[in-house]
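A short worksheet on the structure shown next.
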Amino acid sequence: MNKELSEFSERVMAKRGVEFITPLDMKVKTRALEKEGRSIIHLEIGEPDFDTPENIKKAGITAIQEGYTHYAPSQGLPELREAAASYISTTREIDVSPDEVVITPGGKDVIFYSMMALLKSGDEVIAQNPGYYPYETDAKLFGAGVVPLPLLEENDFSFDREQFKKLITPKTKLITIISPANPTGNIFSQEDLEVIAEEAIKNDIYVLSDEIYSRIVYEGEFRSIASIPGMKERTIILDGFSKTYAMTGWRLGYSVSNKTLAKIFNKFLVSSNSCVATFTQIAGIEALTGPQDAVEKMNAEYRKRKNLVVKGLNEINGISCRMPKGAFYAFPNIKKFGMGSNEFALYLLNEAGVAVIPGSTFGEMGEGYIRISYATSMDNLEEALNRIKKATEKIS
Ligand SMILES: Cc1ncc(COP(=O)(O)O)c(C=O)c1O
């Protein structure tokens with residue numbers, strides 16, 4: 001590999017001096033064990049175990065049968081952009097026009113597009129840490145420095161507001177927030193958001209607000225930073241269908257931003273994917289405008305699972321776990337075992353047959369924790385808790 005390519009590859013890997021185990025890497029490891037006949041309980045992937053609701057599947061199937069199998073406008077079908085604009089306008093109490101919406105092949109692309117549009121080498125991004133790992137890898141890919149905003153367990157996984165203010169420099173071009181959060185399950189309070197908004201406005205900084213879990217809330221209230229006066233123009237909202245509607249494989253998400261950025265994102269789509277599959281977009285219209293009872297049912301089930309998992313984890317010697325307020329992850333503290341989180345996750349996999357993600361995958365501040373996705377059945381969760389208890393008794 002030539003030097004430039006290898007430097008590029010290092011940036012993509014976001015080297016931190018530890019092996020960086022993503023959920024997909026864990027899947028490769030679990031597959032190898034399953035091939036040997038081992039039983040593995042999968043708590044590693046952040047993916048709803050529910051099927052896509054019937055009405056949405058039907059809309060997609062009918063769309064294929066009716067011939068919606070050709071290109072769509074690159075920015076997205078006008079009807080879907082209208083539905084998304086209307087949904088965001090109502091839920092965030094802001095005025096969004098369809099021109100400000102770009103339909104993307106998954107919410108993840110919005111991270112990539114935002115960074116590609118806003119960052120150049122030497123810029124800085126403030127990113128919550130622990131946080132969903134593409135924020136770090138994508139920023140590094142575009143040559144930007146990533147400044148971690150530590151989320152502290154003692155603050156219920158929120159940040160220290162004074163510390164946040166000190167992180168801003170003339171190089172700061174973007175602040176990224178995820179609320180409800182992956183991996184901690186925290187939701188930022190209105191006060192937290194106001195501090196971020198005040199600094200963003202004062203220092204002319206964009207905010208990328210990842211709101212993909214905004215419909216999965218158990219406690220408190222989800223609020224968007226875009227609703228704060230003066231923030232709509234400088235916020236990029238990332239939202240999508242993967243989590244709320246169990247549509248991970250359909251690959252459908254969207255951004256809401258000012259028109260200038262929307263035009264740039266549209267150009268990225270023209271140059272890369274051309275558009276999102278047309279029938280997928282039609283299913284998305286049904287998701288946003290059709291009945292929402294399936295969403296409520298899924299959320300009620302996540303709530304039961306969350307209570308079971310957090311109670312069960314706290315009953316295991318050496319583990320302590322905060323009650324998440326949203327999303328479908330628990331983020332227990334495993335520091336008492338004196339192992340790094342990679343080592344602990346691999347121990348659970350090999351000893352107990354339980355796949356989880358090491359907290360360090362989500363940044364330095366995740367060290368000493370593991371992420372458990374409870375998007376799986378109560379039976380699986382009960383069995384996983386038993387196995388974790390047995391395996392940890394051997395090392396405590
Ligand atoms: C915080 C967060 N943002 C964005 C995404 C991307 O979702 P998708 O690309 O499936 O819409 C995920 C998926 O795990 C996530 O956890």
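Going by the structure tokens order, chains are called A, B, ..., each with residues numbered from 1, while ligands are numbered from 1 in the order shown.
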
Can you work out which residues are within 10 Å of ligand 1, considering only C-alpha atoms and all ligand atoms, and then hand them over as a PyMOL selection string?
chain A and resi 23+45-47+104-111+131-135+177-183+209-213+238-244+246-254+327-329

Among region 29-129 of chain A, which residues carry a DSSP assignment of helix (DSSP H, G or I), reported as a PyMOL selection string?
chain A and resi 29-35+54-65+78-92+98-100+108-118

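Distance annotation: of A:Asp379, A:Glu286, A:Val354, A:Met323, the residue with the minimal separation from Glu54 (chain A) is A:Glu286; atom set is only C-alpha atoms.
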
Using backbone DSSP assignments, extract all strand (DSSP E) residues from region 226-315 of chain A; output them as an mmCIF file with N, CA and C atoms, in the first residue's frame.
```cif
data_model
loop_
_atom_site.group_PDB
_atom_site.id
_atom_site.type_symbol
_atom_site.label_atom_id
_atom_site.label_comp_id
_atom_site.auth_asym_id
_atom_site.auth_seq_id
_atom_site.Cartn_x
_atom_site.Cartn_y
_atom_site.Cartn_z
ATOM 1 N N THR A 235 -28.581 23.897 12.644
ATOM 2 C CA THR A 235 -28.675 22.496 13.097
ATOM 3 C C THR A 235 -28.931 21.592 11.901
ATOM 4 N N ILE A 236 -28.246 20.458 11.902
ATOM 5 C CA ILE A 236 -28.588 19.406 10.939
ATOM 6 C C ILE A 236 -29.231 18.318 11.782
ATOM 7 N N ILE A 237 -30.493 18.042 11.526
ATOM 8 C CA ILE A 237 -31.156 16.937 12.243
ATOM 9 C C ILE A 237 -30.933 15.665 11.439
ATOM 10 N N LEU A 238 -30.483 14.636 12.140
ATOM 11 C CA LEU A 238 -30.392 13.296 11.527
ATOM 12 C C LEU A 238 -31.558 12.504 12.089
ATOM 13 N N ASP A 239 -32.401 11.986 11.202
ATOM 14 C CA ASP A 239 -33.485 11.103 11.666
ATOM 15 C C ASP A 239 -33.640 9.987 10.639
ATOM 16 N N GLY A 240 -34.470 9.019 10.963
ATOM 17 C CA GLY A 240 -34.609 7.902 10.041
ATOM 18 C C GLY A 240 -35.639 6.903 10.513
ATOM 19 N N GLY A 253 -33.201 7.026 5.649
ATOM 20 C CA GLY A 253 -33.068 8.048 6.678
ATOM 21 C C GLY A 253 -33.214 9.415 6.022
ATOM 22 N N TYR A 254 -33.025 10.464 6.789
ATOM 23 C CA TYR A 254 -33.087 11.798 6.177
ATOM 24 C C TYR A 254 -32.405 12.851 7.036
ATOM 25 N N SER A 255 -32.055 13.937 6.349
ATOM 26 C CA SER A 255 -31.512 15.100 7.066
ATOM 27 C C SER A 255 -32.503 16.236 6.946
ATOM 28 N N VAL A 256 -32.489 17.094 7.960
ATOM 29 C CA VAL A 256 -33.222 18.363 7.897
ATOM 30 C C VAL A 256 -32.185 19.427 8.222
#
```

Non-local contacts of Gly143 (chain A) (7 Å; only C-alpha atoms; under 5 positions in same chain excluded) as a tab-separated table (two decimals) with all heavy atoms, in the first residue's frame:
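File written: selection35.tsv
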```tsv
chain	number	residue	atom	x	y	z
A	120	LYS	N	-12.69	20.58	6.96
A	120	LYS	CA	-11.45	20.44	6.19
A	120	LYS	C	-10.35	20.10	7.18
A	120	LYS	O	-10.55	20.20	8.41
A	120	LYS	CB	-11.17	21.69	5.37
A	120	LYS	CG	-10.96	22.93	6.20
A	120	LYS	CD	-10.67	24.09	5.29
A	120	LYS	CE	-10.39	25.38	6.00
A	120	LYS	NZ	-10.86	25.60	7.34
A	121	SER	N	-9.22	19.72	6.63
A	121	SER	CA	-8.11	19.30	7.47
A	121	SER	C	-7.77	20.39	8.49
A	121	SER	O	-7.70	21.57	8.15
A	121	SER	CB	-6.92	19.03	6.54
A	121	SER	OG	-5.92	18.44	7.28
A	122	GLY	N	-7.58	20.01	9.74
A	122	GLY	CA	-7.21	20.97	10.78
A	122	GLY	C	-8.40	21.50	11.58
A	122	GLY	O	-8.22	22.07	12.64
```

Residues near Ser341 (chain A), anyone? I mean within 9 Å using only C-alpha atoms, not counting same-chain ones fewer than 6 positions away, as a short mmCIF file (atom, residue, chain, number, x, y, z; two decimals) with N, CA and C atoms, in the first residue's frame.
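That gives us result_16.cif:
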```
data_model
loop_
_atom_site.label_atom_id
_atom_site.label_comp_id
_atom_site.auth_asym_id
_atom_site.auth_seq_id
_atom_site.Cartn_x
_atom_site.Cartn_y
_atom_site.Cartn_z
N ILE A 334 -18.26 -1.93 34.52
CA ILE A 334 -17.66 -3.23 34.85
C ILE A 334 -16.25 -3.03 35.42
N LYS A 335 -16.00 -1.81 35.93
CA LYS A 335 -14.63 -1.47 36.36
C LYS A 335 -14.14 -2.35 37.50
N ILE A 357 -20.81 -5.27 23.22
CA ILE A 357 -19.78 -4.41 22.63
C ILE A 357 -18.98 -3.73 23.75
N PRO A 358 -17.65 -3.76 23.65
CA PRO A 358 -16.85 -3.07 24.67
C PRO A 358 -17.14 -1.57 24.64
N GLY A 359 -17.19 -0.96 25.81
CA GLY A 359 -17.45 0.47 25.88
C GLY A 359 -16.40 1.28 25.14
N SER A 360 -15.16 0.79 25.07
CA SER A 360 -14.08 1.55 24.44
C SER A 360 -14.31 1.73 22.94
N THR A 361 -15.17 0.92 22.34
CA THR A 361 -15.52 1.11 20.93
C THR A 361 -16.12 2.50 20.73
N GLY A 366 -15.59 5.44 27.24
CA GLY A 366 -16.39 4.22 27.35
C GLY A 366 -15.61 3.09 28.00
N GLU A 367 -14.32 3.34 28.23
CA GLU A 367 -13.50 2.30 28.87
C GLU A 367 -14.06 2.01 30.27
N GLY A 368 -14.17 0.70 30.59
CA GLY A 368 -14.74 0.34 31.90
C GLY A 368 -16.24 0.05 31.85
N TYR A 369 -16.79 0.07 30.63
CA TYR A 369 -18.22 -0.20 30.45
C TYR A 369 -18.40 -1.20 29.31
N ILE A 370 -19.58 -1.79 29.24
CA ILE A 370 -19.94 -2.54 28.03
C ILE A 370 -21.31 -2.06 27.56
#
```

Find the residues near Ala63 (chain A): any atom within 9 Å, counting only C-alpha atoms, skip ones fewer than 2 places away on the same chain, and give them as number ranges by chain.
A: 58-61, 65-69, 278-280, 282-283

Separation of CA of Ile388 (chain A) from CA of Pro332 (chain A) in Å
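About the pair CA of Pro332 (chain A) and CA of Ile388 (chain A): they are 12.2 Å apart.
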
Calculated over only C-alpha atoms, which of the candidates A:Cys275, A:Ile372, A:Leu33, A:Ile395 has the smallest distance to Tyr347 (chain A)?
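Selected residue with least distance to Tyr347 (chain A): A:Ile395.
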
Within 12 Å of Thr91 (chain A) using only C-alpha atoms, minus same-chain residues under 3 positions, as a list of chain:residue names
A:Ala84, A:Ala85, A:Ser86, A:Tyr87, A:Ile88, A:Ile94, A:Asp95, A:Val96, A:Glu211, A:Ser214, A:Arg215, A:Glu221, A:Phe222, A:Arg223, A:Ser224, A:Ala226, A:Ser227

What lies within 10 Å of Lys390 (chain A) using only C-alpha atoms, ignoring chain neighbours under 6 positions off, as a PDB file with N, CA, C and O atoms, in the first residue's frame?
```pdb
ATOM      1  N   ILE A 316     -25.931  -8.449  39.892  1.00  0.00           N
ATOM      2  CA  ILE A 316     -24.689  -9.217  39.709  1.00  0.00           C
ATOM      3  C   ILE A 316     -23.554  -8.496  40.427  1.00  0.00           C
ATOM      4  O   ILE A 316     -23.339  -7.292  40.212  1.00  0.00           O
ATOM      5  N   GLU A 351     -16.427 -17.198  27.406  1.00  0.00           N
ATOM      6  CA  GLU A 351     -16.765 -17.961  28.605  1.00  0.00           C
ATOM      7  C   GLU A 351     -18.281 -18.201  28.711  1.00  0.00           C
ATOM      8  O   GLU A 351     -18.724 -19.286  29.046  1.00  0.00           O
ATOM      9  N   ALA A 352     -19.057 -17.142  28.400  1.00  0.00           N
ATOM     10  CA  ALA A 352     -20.498 -17.228  28.652  1.00  0.00           C
ATOM     11  C   ALA A 352     -21.323 -17.363  27.373  1.00  0.00           C
ATOM     12  O   ALA A 352     -22.509 -17.673  27.430  1.00  0.00           O
ATOM     13  N   ALA A 384     -29.156 -14.595  29.130  1.00  0.00           N
ATOM     14  CA  ALA A 384     -27.892 -13.845  29.090  1.00  0.00           C
ATOM     15  C   ALA A 384     -27.494 -13.404  30.495  1.00  0.00           C
ATOM     16  O   ALA A 384     -26.322 -13.512  30.886  1.00  0.00           O
TER      17      ALA A 384
END
```
